[in-house]
Structure formats: C-alpha cells, structure tokens
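Quick look at query-v4.csv (CSV, C-alpha atoms):
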chain,number,residue,atom,x,y,z
A,1,MET,CA,38.7,-17.4,-1.3
A,2,ILE,CA,36.6,-17.1,-4.5
A,3,GLU,CA,35.4,-20.7,-4.0
A,4,ASP,CA,34.4,-19.7,-0.4
A,5,ALA,CA,32.3,-16.8,-1.9
A,6,THR,CA,30.7,-19.1,-4.4
A,7,LEU,CA,29.8,-21.6,-1.7
A,8,ILE,CA,28.3,-18.9,0.5
A,9,ALA,CA,26.3,-17.6,-2.5
A,10,GLU,CA,25.1,-21.2,-3.3
A,11,VAL,CA,24.0,-21.7,0.3
A,12,VAL,CA,22.2,-18.3,0.4
A,13,VAL,CA,20.4,-18.9,-3.0
A,14,SER,CA,19.3,-22.4,-2.0
A,15,PHE,CA,18.1,-21.2,1.4
A,16,LEU,CA,16.1,-18.4,-0.2
A,17,LEU,CA,14.6,-20.8,-2.8
A,18,VAL,CA,13.5,-23.3,-0.2
A,19,VAL,CA,12.0,-20.6,2.1
A,20,ALA,CA,10.2,-19.0,-0.8
A,21,GLY,CA,8.7,-22.3,-1.9
A,22,LEU,CA,7.5,-22.9,1.6
A,23,PHE,CA,5.9,-19.5,1.8
A,24,GLY,CA,4.2,-19.9,-1.5
A,25,LEU,CA,2.8,-23.3,-0.5
A,26,VAL,CA,1.6,-21.9,2.9
A,27,GLY,CA,-0.1,-19.0,1.2
A,28,SER,CA,-2.1,-21.2,-1.2
A,29,LEU,CA,-2.8,-23.8,1.5
A,30,GLY,CA,-4.3,-21.0,3.6
A,31,LEU,CA,-6.4,-20.0,0.6
A,32,VAL,CA,-7.9,-23.5,0.6
A,33,LYS,CA,-8.1,-24.2,4.3
A,34,LEU,CA,-9.2,-21.0,6.1
A,35,ASP,CA,-13.0,-20.8,6.5
A,36,ASP,CA,-14.1,-17.2,5.8
A,37,THR,CA,-13.3,-15.0,2.8
A,38,MET,CA,-11.9,-12.1,5.0
A,39,ARG,CA,-9.6,-14.6,6.6
A,40,ARG,CA,-8.7,-16.3,3.3
A,41,LEU,CA,-7.7,-12.9,2.0
A,42,HIS,CA,-4.7,-12.8,4.4
A,43,ALA,CA,-2.9,-16.0,3.3
A,44,PRO,CA,-2.3,-15.2,-0.5
A,45,THR,CA,-1.7,-11.5,-0.1
A,46,LYS,CA,1.0,-11.8,2.6
A,47,ALA,CA,2.6,-15.2,2.4
A,48,THR,CA,2.6,-15.6,-1.4
A,49,THR,CA,4.0,-12.1,-1.9
A,50,LEU,CA,6.9,-12.9,0.5
A,51,GLY,CA,7.4,-16.2,-1.3
A,52,ILE,CA,7.8,-14.5,-4.7
A,53,GLY,CA,10.0,-11.8,-3.2
A,54,GLY,CA,12.3,-14.6,-2.1
A,55,VAL,CA,12.4,-16.3,-5.5
A,56,LEU,CA,13.2,-13.0,-7.2
A,57,ILE,CA,16.0,-12.1,-4.8
A,58,ALA,CA,17.4,-15.6,-5.1
A,59,SER,CA,17.5,-15.2,-8.9
A,60,MET,CA,19.1,-11.8,-8.6
A,61,ILE,CA,22.0,-13.2,-6.4
A,62,TYR,CA,22.2,-16.2,-8.7
A,63,SER,CA,22.7,-14.2,-11.9
A,64,ALA,CA,25.1,-11.8,-10.2
A,65,VAL,CA,27.4,-14.5,-8.8
A,66,PHE,CA,27.2,-17.4,-11.3
A,67,LEU,CA,26.4,-15.7,-14.6
A,68,ASP,CA,28.3,-12.4,-14.0
A,69,ARG,CA,25.3,-10.4,-14.9
A,70,LEU,CA,24.0,-7.9,-12.3
A,71,SER,CA,20.4,-7.2,-13.1
A,72,PHE,CA,17.8,-5.1,-11.4
A,73,HIS,CA,14.7,-6.4,-13.3
A,74,GLU,CA,14.0,-8.8,-10.4
A,75,LEU,CA,14.1,-6.0,-7.9
A,76,LEU,CA,11.7,-4.1,-10.1
A,77,ILE,CA,9.2,-7.0,-10.2
A,78,THR,CA,9.6,-7.5,-6.4
A,79,ILE,CA,8.9,-3.8,-5.7
A,80,PHE,CA,5.9,-3.9,-8.1
A,81,LEU,CA,4.4,-6.9,-6.5
A,82,LEU,CA,5.0,-5.6,-2.9
A,83,LEU,CA,3.3,-2.3,-4.0
A,84,THR,CA,0.3,-3.9,-5.7
A,85,ALA,CA,-0.5,-6.7,-3.2
A,86,PRO,CA,-2.1,-4.3,-0.6
A,87,ILE,CA,-4.0,-2.5,-3.3
A,88,THR,CA,-5.6,-5.7,-4.7
A,89,ALA,CA,-6.3,-6.9,-1.1
A,90,ASN,CA,-8.1,-3.6,-0.4
A,91,PHE,CA,-10.1,-3.9,-3.6
A,92,ILE,CA,-11.1,-7.5,-2.9
A,93,ALA,CA,-12.1,-6.6,0.7
A,94,LYS,CA,-14.2,-3.7,-0.6
A,95,SER,CA,-15.9,-6.0,-3.1
A,96,TYR,CA,-16.6,-8.5,-0.4
A,97,MET,CA,-18.1,-5.8,1.8
A,98,HIS,CA,-20.2,-4.5,-1.1
A,99,ARG,CA,-21.7,-7.9,-1.7
A,100,HIS,CA,-22.0,-9.5,1.7
A,101,VAL,CA,-21.8,-7.0,4.5
A,102,ASP,CA,-24.8,-4.8,5.4
A,103,GLU,CA,-23.9,-1.1,6.2
A,104,ALA,CA,-26.1,-1.2,9.4
A,105,ASP,CA,-23.8,-4.0,10.9
A,106,LEU,CA,-20.7,-1.8,10.8
A,107,PRO,CA,-19.6,0.6,13.5
A,108,PRO,CA,-19.9,4.3,12.7
A,109,THR,CA,-16.7,5.9,11.2
A,110,GLU,CA,-16.9,8.9,13.5
A,111,GLY,CA,-16.0,11.1,10.6
A,112,PRO,CA,-18.1,13.4,8.4
A,113,TYR,CA,-18.7,10.6,5.9
A,114,GLY,CA,-19.7,7.0,6.1
A,115,TRP,CA,-17.8,3.9,4.9
A,116,ALA,CA,-16.2,4.5,1.6
A,117,VAL,CA,-17.7,1.4,0.1
A,118,TYR,CA,-21.3,2.7,0.6
A,119,ASP,CA,-21.1,6.4,1.0
A,120,ALA,CA,-19.4,8.8,-1.5
A,121,VAL,CA,-18.0,12.1,-0.4
A,122,PRO,CA,-20.5,14.9,-1.3
A,123,GLU,CA,-19.6,16.6,-4.6
A,124,ASP,CA,-19.1,20.1,-3.2
A,125,GLU,CA,-16.8,18.8,-0.4
A,126,ARG,CA,-14.3,16.8,-2.5
A,127,PRO,CA,-10.7,17.9,-1.8
A,128,ILE,CA,-9.9,17.7,-5.6
A,129,ASP,CA,-12.3,18.2,-8.4
A,130,THR,CA,-12.7,14.8,-10.1
A,131,LYS,CA,-15.0,16.0,-12.9
B,1,MET,CA,22.6,-27.9,-4.1
B,2,ILE,CA,20.9,-25.2,-6.2
B,3,GLU,CA,19.3,-27.8,-8.5
B,4,THR,CA,17.8,-29.6,-5.5
B,5,ALA,CA,16.5,-26.3,-4.0
B,6,LEU,CA,15.1,-25.3,-7.5
B,7,THR,CA,13.3,-28.7,-7.8
B,8,PHE,CA,11.8,-28.2,-4.3
B,9,ALA,CA,10.6,-24.7,-5.0
B,10,VAL,CA,9.1,-25.7,-8.3
B,11,THR,CA,7.3,-28.5,-6.6
B,12,CYS,CA,6.0,-26.2,-3.9
B,13,PHE,CA,4.7,-23.6,-6.4
B,14,ALA,CA,3.2,-26.2,-8.7
B,15,LEU,CA,1.3,-27.7,-5.7
B,16,ALA,CA,0.2,-24.1,-4.8
B,17,LEU,CA,-1.2,-23.7,-8.3
B,18,VAL,CA,-3.1,-26.9,-7.9
B,19,PHE,CA,-4.6,-25.7,-4.6
B,20,ASN,CA,-5.5,-22.4,-6.3
B,21,LEU,CA,-7.3,-24.2,-9.1
B,22,TRP,CA,-9.1,-26.4,-6.6
B,23,HIS,CA,-10.2,-23.2,-4.7
B,24,LEU,CA,-11.2,-21.5,-8.0
B,25,ALA,CA,-13.5,-24.4,-8.8
B,26,ARG,CA,-15.1,-24.7,-5.3
B,27,ALA,CA,-15.1,-21.1,-4.2
B,28,PRO,CA,-18.4,-19.9,-2.6
B,29,GLY,CA,-18.6,-16.6,-4.4
B,30,VAL,CA,-17.2,-14.4,-7.1
B,31,VAL,CA,-14.9,-12.5,-4.7
B,32,ASP,CA,-13.2,-15.7,-3.7
B,33,ARG,CA,-12.7,-16.5,-7.4
B,34,ILE,CA,-11.0,-13.1,-8.0
B,35,LEU,CA,-8.7,-13.9,-5.0
B,36,ALA,CA,-7.9,-17.3,-6.4
B,37,LEU,CA,-7.1,-15.9,-9.9
B,38,ASP,CA,-4.9,-13.2,-8.4
B,39,THR,CA,-2.9,-15.8,-6.4
B,40,MET,CA,-2.7,-18.0,-9.5
B,41,VAL,CA,-1.1,-15.1,-11.4
B,42,ILE,CA,1.5,-14.6,-8.6
B,43,ASN,CA,2.3,-18.3,-8.5
B,44,ALA,CA,2.7,-18.4,-12.3
B,45,ILE,CA,5.2,-15.5,-12.0
B,46,ALA,CA,7.1,-17.5,-9.4
B,47,LEU,CA,7.2,-20.6,-11.7
B,48,LEU,CA,8.4,-18.5,-14.7
B,49,ASN,CA,11.2,-17.0,-12.6
B,50,LEU,CA,12.3,-20.4,-11.4
B,51,TYR,CA,12.4,-21.6,-15.0
B,52,GLY,CA,14.4,-18.6,-15.8
B,53,ILE,CA,16.9,-19.5,-13.1
B,54,SER,CA,17.2,-23.1,-14.3
B,55,GLN,CA,17.7,-22.0,-18.0
B,56,GLY,CA,20.1,-19.1,-17.1
B,57,THR,CA,18.3,-16.6,-19.4
B,58,PRO,CA,17.0,-13.1,-18.5
B,59,VAL,CA,14.0,-13.4,-21.0
B,60,TYR,CA,11.6,-14.7,-18.5
B,61,PHE,CA,11.9,-11.7,-16.3
B,62,GLU,CA,10.5,-9.5,-19.0
B,63,VAL,CA,7.6,-12.0,-19.4
B,64,SER,CA,6.9,-12.1,-15.7
B,65,MET,CA,7.0,-8.3,-15.4
B,66,LEU,CA,4.3,-8.1,-18.2
B,67,ILE,CA,2.2,-10.8,-16.5
B,68,ALA,CA,2.5,-9.1,-13.1
B,69,MET,CA,1.2,-5.8,-14.7
B,70,VAL,CA,-1.7,-7.5,-16.6
B,71,GLY,CA,-2.6,-9.6,-13.5
B,72,PHE,CA,-2.8,-6.5,-11.3
B,73,VAL,CA,-4.8,-4.5,-13.8
B,74,SER,CA,-7.3,-7.3,-14.4
B,75,THR,CA,-7.8,-7.9,-10.7
B,76,VAL,CA,-8.5,-4.2,-10.1
B,77,ALA,CA,-10.8,-4.0,-13.2
B,78,TYR,CA,-12.8,-7.0,-12.0
B,79,CYS,CA,-13.2,-5.6,-8.5
B,80,ARG,CA,-14.2,-2.2,-9.8
B,81,PHE,CA,-16.8,-3.9,-12.0
B,82,ILE,CA,-18.3,-5.6,-9.0
B,83,LEU,CA,-18.1,-2.4,-6.9
B,84,ARG,CA,-19.4,0.2,-9.4
B,85,GLY,CA,-20.8,-1.8,-12.4
B,86,ASN,CA,-18.4,0.0,-14.6
B,87,ILE,CA,-14.6,-0.1,-15.0
B,88,ILE,CA,-13.7,3.4,-16.2
B,89,GLU,CA,-16.2,6.0,-15.1
Please rewrite the model in this file as structure tokens.
Amino acid sequence: MIEDATLIAEVVVSFLLVVAGLFGLVGSLGLVKLDDTMRRLHAPTKATTLGIGGVLIASMIYSAVFLDRLSFHELLITIFLLLTAPITANFIAKSYMHRHVDEADLPPTEGPYGWAVYDAVPEDERPIDTK
Amino acid sequence: MIETALTFAVTCFALALVFNLWHLARAPGVVDRILALDTMVINAIALLNLYGISQGTPVYFEVSMLIAMVGFVSTVAYCRFILRGNIIE
C-alpha cells in the first residue's frame, strides 16, 4: 500500500517536472520566435510562469513524500510569481506604449481621462491624495 | 524515474536560458531587453529549485525567494525609469 503511494507520487512528480520543463522551453522559444514586442510579451509571462509553478509544486510533493518534510516555501514562491507576472507584463507593455505607440493612433477611452500612459488624472480629481 | 524527469527539466530550462541570452543580445529595443532579463530571472529560479530537488536541501528555496523578489523589483524599477525618468517620485 505504501509502495503504491510512493509510486503514484513518483509518477506525479515526474509528470509535473516534464510538463514544467516543456512550458518553460515553449515560453522562451516564443520570446525568440514571435515577431512583435507586444506578441513576445505573451510567451514568457504566461508559459514560463506556469512552468515554474509546475517545478515548485513538484518539489513540494517530492519533499513531502520522499523527505518527510512538508514545506510551504514553494507555495509562497509560486503565489509570489503568479501575483507579480501580470504586474511586470503591465509595466513592460506600458513602457513599450510610451516609447513606440503614438497617442493619436489609439482609440478613445470613453472615460473622463485619456490613456494612463500619457494622461495623468487631474490633481483635484484624484480619489486619494498622493501628495 | 524522477532522475530522468529532473535531467529533462534541467535541460529544458538551460536551453530556455540560452534562448533568453540570445534574445537579450539581439533584441530590437530596451523594452525587449527588460522582458528578456525578467524571463532569465524566472528561468534561473526554476534551475535553482531543480538543483534543490536533486540535492534534497531546502536552502535553495530561500535563495530563489530572494531572487524572485529582487527580480520583480528590478523589472518594475527599470520600467518606471523608462516611463517617468525617475524611480521613486
């Protein structure tokens, strides 16, 4: 019975590691192969983040089953990376727009303010005082 | 079985690092270079964790947590520098 559980854990860890490796490889291959910065942004921020999540969960299962040491560090790193990946993607997209996209080429926002990259909210209309 | 999977994953992430380095050298603009550096940080974290699995020690998780934080902060700081010409206003 215990040997069965160990075998299942071994299969699961190996599967997660292989899938994570493939996701990481696909993410970086997309970074090299896609032909436009805004398209290139998709590959590393999505595929590579999934890949590293797979590695960390595999290591969590491995240390819980084979080393008798249940640790949540890996989950912490996974959550941290999953939280920060969209933020970095947003910042990189904003920097790209700032450098390469003209404001006149964009559709109107249909709100009281323009695009956040070019147009700041007027100081007397800010929801919180940032000064 | 796990050793084979580990070798495969290490090979994949090492190849991914080579791709990132290639893109870092040939990128058309500074934004692409930031993206390549950010991906390199994530792949380095993956390699560190795989080494931690193969050695059976929890030390490398602390290291990768620190590298994850520093990588995120440096990416955001570089992007803010491009956007505003200033990091902390």
Shell around stretch 52-59 of chain B at 10 Å using all atoms listed in the file, local window under 3 positions removed, as a ChimeraX atom specification: /A:55-56,58-60,62-63,66-67,69,71,73-74 /B:2-3,6-7,46-49,62-64
Expected answer as JSON, numbers by chain: chain A residues within 9 Å of chain B, all atoms listed in the file: {"A": [10, 11, 13, 14, 15, 16, 17, 18, 19, 20, 21, 22, 23, 24, 25, 26, 27, 28, 29, 31, 32, 37, 40, 41, 44, 45, 48, 49, 51, 52, 53, 55, 56, 58, 59, 62, 63, 67, 71, 73, 74, 76, 77, 80, 81, 84, 85, 87, 88, 89, 91, 92, 93, 94, 95, 96, 98, 99, 117]}
Atomic separation - atom CA of A:Ala104 relative to atom CA of A:Leu34, Å: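 Spanning atom CA of A:Leu34 to atom CA of A:Ala104 is a straight-line distance of 26.2 Å.
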Two-atom distance - atom CA of A:Asp124, atom CA of A:Gly111 (Å):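 Answer for the atom CA of A:Asp124 to atom CA of A:Gly111 separation: 16.8 Å.
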Computed interatomic separation between atom CA of B:Val70 and atom CA of A:Pro86 (Å):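 About the pair atom CA of B:Val70 and atom CA of A:Pro86: they are 16.3 Å apart.
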